[in-house]
Each structure stands twice: as C-alpha cells, then as structure tokens.
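Chemist: This one is entry-v6.pdb, PDB, C-alpha atoms.
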```pdb
MODEL        1
ATOM      1  CA  MET A   1      10.628   5.720  11.729
ATOM      2  CA  ILE A   2      11.159   8.904   9.661
ATOM      3  CA  GLY A   3      14.840   9.309   8.835
ATOM      4  CA  GLN A   4      15.640   5.616   9.279
ATOM      5  CA  THR A   5      16.813   3.337   6.486
ATOM      6  CA  VAL A   6      15.254  -0.110   6.224
ATOM      7  CA  SER A   7      17.069  -2.390   3.792
ATOM      8  CA  HIS A   8      17.768   0.130   1.011
ATOM      9  CA  TYR A   9      14.671   2.272   1.625
ATOM     10  CA  ARG A  10      15.184   5.615   3.381
ATOM     11  CA  ILE A  11      11.956   6.598   5.178
ATOM     12  CA  LEU A  12      11.024  10.198   4.332
ATOM     13  CA  ASP A  13       7.493  10.850   5.617
ATOM     14  CA  LYS A  14       4.393   9.167   7.020
ATOM     15  CA  LEU A  15       1.566   8.908   4.485
ATOM     16  CA  GLY A  16      -1.105   7.276   6.624
ATOM     17  CA  GLU A  17      -2.085   4.627   9.117
ATOM     18  CA  GLY A  18      -4.860   2.053   9.241
ATOM     19  CA  GLY A  19      -6.044  -0.910  11.232
ATOM     20  CA  MET A  20      -3.120  -3.217  10.397
ATOM     21  CA  GLY A  21      -0.281  -0.960   9.443
ATOM     22  CA  ALA A  22       1.302   2.360   8.636
ATOM     23  CA  VAL A  23       2.463   3.541   5.208
ATOM     24  CA  TYR A  24       5.492   5.741   4.669
ATOM     25  CA  LEU A  25       6.973   7.576   1.724
ATOM     26  CA  ALA A  26      10.503   6.309   1.155
ATOM     27  CA  GLU A  27      13.368   6.620  -1.289
ATOM     28  CA  ASP A  28      14.720   3.460  -2.878
ATOM     29  CA  THR A  29      18.411   4.318  -2.544
ATOM     30  CA  LEU A  30      19.473   1.702  -5.097
ATOM     31  CA  LEU A  31      17.119   2.671  -7.910
ATOM     32  CA  GLY A  32      16.635   6.330  -7.009
ATOM     33  CA  ARG A  33      12.843   6.276  -6.973
ATOM     34  CA  ARG A  34      10.155   7.106  -4.447
ATOM     35  CA  VAL A  35       8.129   4.219  -3.086
ATOM     36  CA  ALA A  36       5.485   3.563  -0.447
ATOM     37  CA  VAL A  37       6.505   1.228   2.376
ATOM     38  CA  LYS A  38       3.824  -0.426   4.502
ATOM     39  CA  PHE A  39       4.770  -1.738   7.933
ATOM     40  CA  LEU A  40       2.637  -4.076  10.003
ATOM     41  CA  THR A  41       1.780  -2.434  13.332
ATOM     42  CA  ILE A  42      -0.391  -5.135  14.911
ATOM     43  CA  THR A  43       1.160  -6.655  18.034
ATOM     44  CA  ARG A  44      -1.682  -8.896  19.226
ATOM     45  CA  ASP A  45      -1.832 -12.281  17.459
ATOM     46  CA  ALA A  46       1.408 -11.206  15.779
ATOM     47  CA  GLU A  47       2.099 -14.473  13.945
ATOM     48  CA  LYS A  48      -1.437 -14.626  12.531
ATOM     49  CA  PHE A  49      -1.170 -11.077  11.201
ATOM     50  CA  ARG A  50       2.344 -11.676   9.828
ATOM     51  CA  ARG A  51       0.968 -14.577   7.743
ATOM     52  CA  ARG A  52      -1.928 -12.407   6.599
ATOM     53  CA  PHE A  53       0.472  -9.571   5.713
ATOM     54  CA  LEU A  54       2.612 -11.929   3.618
ATOM     55  CA  ARG A  55      -0.526 -13.234   1.862
ATOM     56  CA  GLU A  56      -1.469  -9.633   1.102
ATOM     57  CA  ALA A  57       1.964  -8.997  -0.425
ATOM     58  CA  ARG A  58       1.837 -12.175  -2.506
ATOM     59  CA  SER A  59      -1.711 -11.521  -3.686
ATOM     60  CA  ALA A  60      -1.055  -7.899  -4.602
ATOM     61  CA  SER A  61       2.204  -8.771  -6.372
ATOM     62  CA  ALA A  62       0.288 -11.153  -8.661
ATOM     63  CA  LEU A  63      -1.938  -8.331  -9.905
ATOM     64  CA  SER A  64      -1.330  -5.847 -12.692
ATOM     65  CA  HIS A  65      -3.903  -3.125 -13.271
ATOM     66  CA  PRO A  66      -3.786   0.684 -13.641
ATOM     67  CA  SER A  67      -5.903   1.069 -10.498
ATOM     68  CA  ILE A  68      -3.717  -1.151  -8.294
ATOM     69  CA  ALA A  69      -0.319  -0.097  -6.955
ATOM     70  CA  THR A  70       2.509  -2.391  -8.050
ATOM     71  CA  VAL A  71       4.266  -4.338  -5.292
ATOM     72  CA  HIS A  72       8.051  -4.072  -5.684
ATOM     73  CA  ASP A  73       9.394  -5.890  -2.641
ATOM     74  CA  TYR A  74       8.678  -7.638   0.661
ATOM     75  CA  GLY A  75      11.084  -7.897   3.560
ATOM     76  CA  GLU A  76      11.701  -7.680   7.281
ATOM     77  CA  THR A  77      13.570  -5.165   9.390
ATOM     78  CA  PRO A  78      16.548  -6.416  11.427
ATOM     79  CA  GLY A  79      14.079  -6.603  14.330
ATOM     80  CA  GLY A  80      11.782  -8.916  12.358
ATOM     81  CA  GLU A  81       9.099  -6.358  11.484
ATOM     82  CA  PRO A  82       7.634  -7.203   8.034
ATOM     83  CA  PHE A  83       7.153  -4.584   5.329
ATOM     84  CA  ILE A  84       5.777  -4.327   1.795
ATOM     85  CA  VAL A  85       7.284  -1.917  -0.739
ATOM     86  CA  MET A  86       4.839  -0.579  -3.311
ATOM     87  CA  GLU A  87       4.638   1.893  -6.123
ATOM     88  CA  PHE A  88       4.160   5.417  -4.781
ATOM     89  CA  VAL A  89       1.267   7.150  -6.526
ATOM     90  CA  PRO A  90       1.292  10.882  -5.766
ATOM     91  CA  GLY A  91      -1.956  12.782  -5.537
ATOM     92  CA  ARG A  92      -4.742  13.728  -3.217
ATOM     93  CA  THR A  93      -6.412  11.269  -0.880
ATOM     94  CA  LEU A  94     -10.078  10.377  -1.127
ATOM     95  CA  ALA A  95     -10.632  12.207   2.181
ATOM     96  CA  GLU A  96      -9.127  15.367   0.674
ATOM     97  CA  LEU A  97     -11.334  15.103  -2.397
ATOM     98  CA  LEU A  98     -14.418  14.611  -0.253
ATOM     99  CA  ARG A  99     -13.532  17.619   1.911
ATOM    100  CA  GLU A 100     -13.230  19.697  -1.254
ATOM    101  CA  GLY A 101     -16.686  18.607  -2.365
ATOM    102  CA  ALA A 102     -16.258  15.517  -4.507
ATOM    103  CA  GLU A 103     -19.958  15.700  -5.377
ATOM    104  CA  ARG A 104     -18.959  18.608  -7.625
ATOM    105  CA  GLN A 105     -16.110  16.556  -9.064
ATOM    106  CA  PRO A 106     -17.639  13.584 -10.913
ATOM    107  CA  ALA A 107     -14.160  12.422 -11.910
ATOM    108  CA  ALA A 108     -13.375  11.647  -8.277
ATOM    109  CA  GLY A 109     -16.415   9.393  -7.981
ATOM    110  CA  TRP A 110     -15.631   7.725 -11.290
ATOM    111  CA  ALA A 111     -12.013   7.138 -10.271
ATOM    112  CA  GLY A 112     -13.162   5.470  -7.056
ATOM    113  CA  CYS A 113     -15.641   3.232  -8.890
ATOM    114  CA  ARG A 114     -13.036   2.330 -11.511
ATOM    115  CA  SER A 115     -10.520   1.545  -8.810
ATOM    116  CA  VAL A 116     -12.872  -0.775  -6.921
ATOM    117  CA  ALA A 117     -14.142  -2.453 -10.086
ATOM    118  CA  GLY A 118     -10.609  -2.982 -11.362
ATOM    119  CA  ARG A 119      -9.464  -4.371  -8.053
ATOM    120  CA  ASP A 120     -12.413  -6.740  -7.781
ATOM    121  CA  ALA A 121     -12.043  -7.991 -11.357
ATOM    122  CA  ARG A 122      -8.324  -8.638 -10.966
ATOM    123  CA  HIS A 123      -8.755 -10.308  -7.598
ATOM    124  CA  GLN A 124     -11.448 -12.634  -8.913
ATOM    125  CA  ALA A 125      -9.394 -13.452 -12.019
ATOM    126  CA  HIS A 126      -6.579 -14.607  -9.723
ATOM    127  CA  GLY A 127      -8.874 -16.560  -7.414
ATOM    128  CA  ILE A 128      -8.611 -14.010  -4.609
ATOM    129  CA  GLN A 129     -11.740 -13.694  -2.472
ATOM    130  CA  VAL A 130     -13.264 -10.212  -2.595
ATOM    131  CA  ARG A 131     -14.927  -9.112   0.647
TER     132      ARG A 131
ENDMDL
END
```
Could you write out this file's structure as structure tokens?

Modeler:
Amino acid sequence: MIGQTVSHYRILDKLGEGGMGAVYLAEDTLLGRRVAVKFLTITRDAEKFRRRFLREARSASALSHPSIATVHDYGETPGGEPFIVMEFVPGRTLAELLREGAERQPAAGWAGCRSVAGRDARHQAHGIQVR
C-alpha cells in the first residue's frame, strides 16, 4: 500500500492496524496536507462490514469536537475497497505514553478521559449508541 496513490491521496506510511482496518499516513495531493486514511481489511462477511464502515464514516463526519478527528472524505479504490480519510493528528500513541510511564504523566490520563468523555457526549447528542 505504501507508495500507492488512492484517489488523490498518496500513501506515505502505515500508522497502525486494528480489528477492522489499517490506518495510513497519506498526502492529499490536491490540498497539500497530511491526512490519515483508514482502509477496511475484513474479508469475511464483507458486505456487512462495508455497511458498518460506511455508517462509521457517516457518524464520525457528523461530529465536531476537539477530541475527535475530523472526517474529510469517504471513497473506494478502483478495486472496490472502501476507505475513510480523516484529519491526521501527529503525536505519540497511548501505548507509547504508557510505556514511558503515563502514571507519572497525569496529562496523559486526563487527555484520555477528556477524549472518551467528549466522544461519548457528542455521540449521544447525535443519537449514536455508545458501547
């Protein structure tokens, strides 16, 4: 994936991977900014997960909060693989902070609490079920 261009997003580096997808750092070649691009990687029950992925994009794009990354775009590769383009927020990951001893860094704990509280409040305000 690294080095490829999808739509007008040039994939630069892999940021992480989870249960449903992988997130890459990319350059928006039209606007000249760095973005995060999430690709769905699930192959089983593909149609079910594609619908869920689109719901995620729609739900996240309806939210505006300092602790929630802004969704810029949604699309599909020429091969039909869906992707979500989001604001890229540089910084350290929670895992990195924990490895460094987040218990000695109260700001890290506060940032995590603020992030979750902000997300939950915004989701509930938009009728999105919080699990």

Chemist: Starting from the shown file, work through the PyMOL selection byres ((chain A and resi 3) around 12) and note down what comes out as a ChimeraX atom specification.

Modeler: /A:1-2,4-6,9-14,24-27

Chemist: CA of Arg50 in chain A and CA of Ser7 in chain A, how far apart in Å?

Modeler: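 That distance, rounded to one decimal, is 18.4 Å.
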
Chemist: Which polymer residues, whether protein, DNA or RNA, lie within 7 Å of the coordinate (4.5, -7.5, -3.5) when you count all atoms listed in the file? List them as a list in words, using the chain letters and numbers from the file.

Modeler: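 It turns out the residues near that spot are Ala57, Arg58, Ala60, Ser61, Val71, His72, Asp73, Tyr74, Ile84, Val85 and Met86 of chain A.
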
Chemist: With C-alpha atoms retained, write the just-selected residues as a PDB file, in the coordinates of the input.

Modeler:
```
ATOM      1  CA  ALA A  57       1.964  -8.997  -0.425  1.00  0.00           C
ATOM      2  CA  ARG A  58       1.837 -12.175  -2.506  1.00  0.00           C
ATOM      3  CA  ALA A  60      -1.055  -7.899  -4.602  1.00  0.00           C
ATOM      4  CA  SER A  61       2.204  -8.771  -6.372  1.00  0.00           C
ATOM      5  CA  VAL A  71       4.266  -4.338  -5.292  1.00  0.00           C
ATOM      6  CA  HIS A  72       8.051  -4.072  -5.684  1.00  0.00           C
ATOM      7  CA  ASP A  73       9.394  -5.890  -2.641  1.00  0.00           C
ATOM      8  CA  TYR A  74       8.678  -7.638   0.661  1.00  0.00           C
ATOM      9  CA  ILE A  84       5.777  -4.327   1.795  1.00  0.00           C
ATOM     10  CA  VAL A  85       7.284  -1.917  -0.739  1.00  0.00           C
ATOM     11  CA  MET A  86       4.839  -0.579  -3.311  1.00  0.00           C
TER      12      MET A  86
END
```

Chemist: Give me the box for range 72-79 of chain A as lines of an AutoDock Vina configuration file, namely the centre and edge lengths in Å to one decimal of a box along x, y and z that holds every listed atom plus 3 Å on each side.

Modeler:
```
center_x = 12.3
center_y = -6.0
center_z = 4.3
size_x = 14.5
size_y = 9.8
size_z = 26.0
```

Chemist: What does the distance from CA of Arg44 in chain A to CA of Met20 in chain A come to in Å, to one decimal?

Modeler: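 So the two atoms, CA of Arg44 in chain A and CA of Met20 in chain A, lie 10.6 Å apart.
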
Chemist: Let me make sure I understand: among A:Asp45, A:Glu100, A:His8, A:Glu87, which one has the smallest atom-to-atom distance to Val23 in chain A if we use only C-alpha atoms?

Modeler: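 Distance minimum relative to Val23 in chain A lands on A:Glu87.
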
Chemist: Can you tell me, as a list of chain:residue names, which residues sit within 8 Å of (2.0, -1.9, 6.3) in the file's frame, using only C-alpha atoms?

Modeler: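 Counting only C-alpha atoms, I find these residues within 8 Å of (2.0, -1.9, 6.3): A:Met20, A:Gly21, A:Ala22, A:Val23, A:Val37, A:Lys38, A:Phe39, A:Leu40, A:Thr41, A:Phe53, A:Pro82, A:Phe83, A:Ile84.
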
Chemist: Using all atoms listed in the file, which of the listed residues (A:Gly75, A:Thr93, A:Glu81, A:Phe88) sits closest to Ala46 in chain A?

Modeler: A:Glu81

Chemist: Let me make sure I understand: among A:Ser64, A:Asp28, A:Ala36, A:Gly19, which one has the smallest atom-to-atom distance to Phe49 in chain A if we use only C-alpha atoms?

Modeler: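 Closest candidate: A:Gly19.
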
Chemist: Saving range 79-96 of chain A with C-alpha atoms, as a PDB file, in the first residue's frame, what would that file be?

Modeler:
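Dumped everything to result_30.pdb:
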```pdb
ATOM      1  CA  GLY A  79     -10.893  -2.449  -6.774  1.00  0.00           C
ATOM      2  CA  GLY A  80     -13.876  -1.535  -4.587  1.00  0.00           C
ATOM      3  CA  GLU A  81     -12.037  -1.344  -1.258  1.00  0.00           C
ATOM      4  CA  PRO A  82     -13.672   1.363   0.926  1.00  0.00           C
ATOM      5  CA  PHE A  83     -11.645   3.993   2.766  1.00  0.00           C
ATOM      6  CA  ILE A  84     -12.207   6.906   5.143  1.00  0.00           C
ATOM      7  CA  VAL A  85      -9.983   9.995   5.038  1.00  0.00           C
ATOM      8  CA  MET A  86      -9.548  11.754   8.370  1.00  0.00           C
ATOM      9  CA  GLU A  87      -7.628  14.562   9.948  1.00  0.00           C
ATOM     10  CA  PHE A  88      -4.092  13.459  10.799  1.00  0.00           C
ATOM     11  CA  VAL A  89      -3.229  14.331  14.392  1.00  0.00           C
ATOM     12  CA  PRO A  90       0.514  13.957  14.994  1.00  0.00           C
ATOM     13  CA  GLY A  91       1.780  12.867  18.374  1.00  0.00           C
ATOM     14  CA  ARG A  92       2.536   9.870  20.492  1.00  0.00           C
ATOM     15  CA  THR A  93       0.203   6.910  20.793  1.00  0.00           C
ATOM     16  CA  LEU A  94      -1.390   5.885  24.065  1.00  0.00           C
ATOM     17  CA  ALA A  95       0.797   2.753  24.021  1.00  0.00           C
ATOM     18  CA  GLU A  96       3.908   4.940  23.788  1.00  0.00           C
TER      19      GLU A  96
END
```
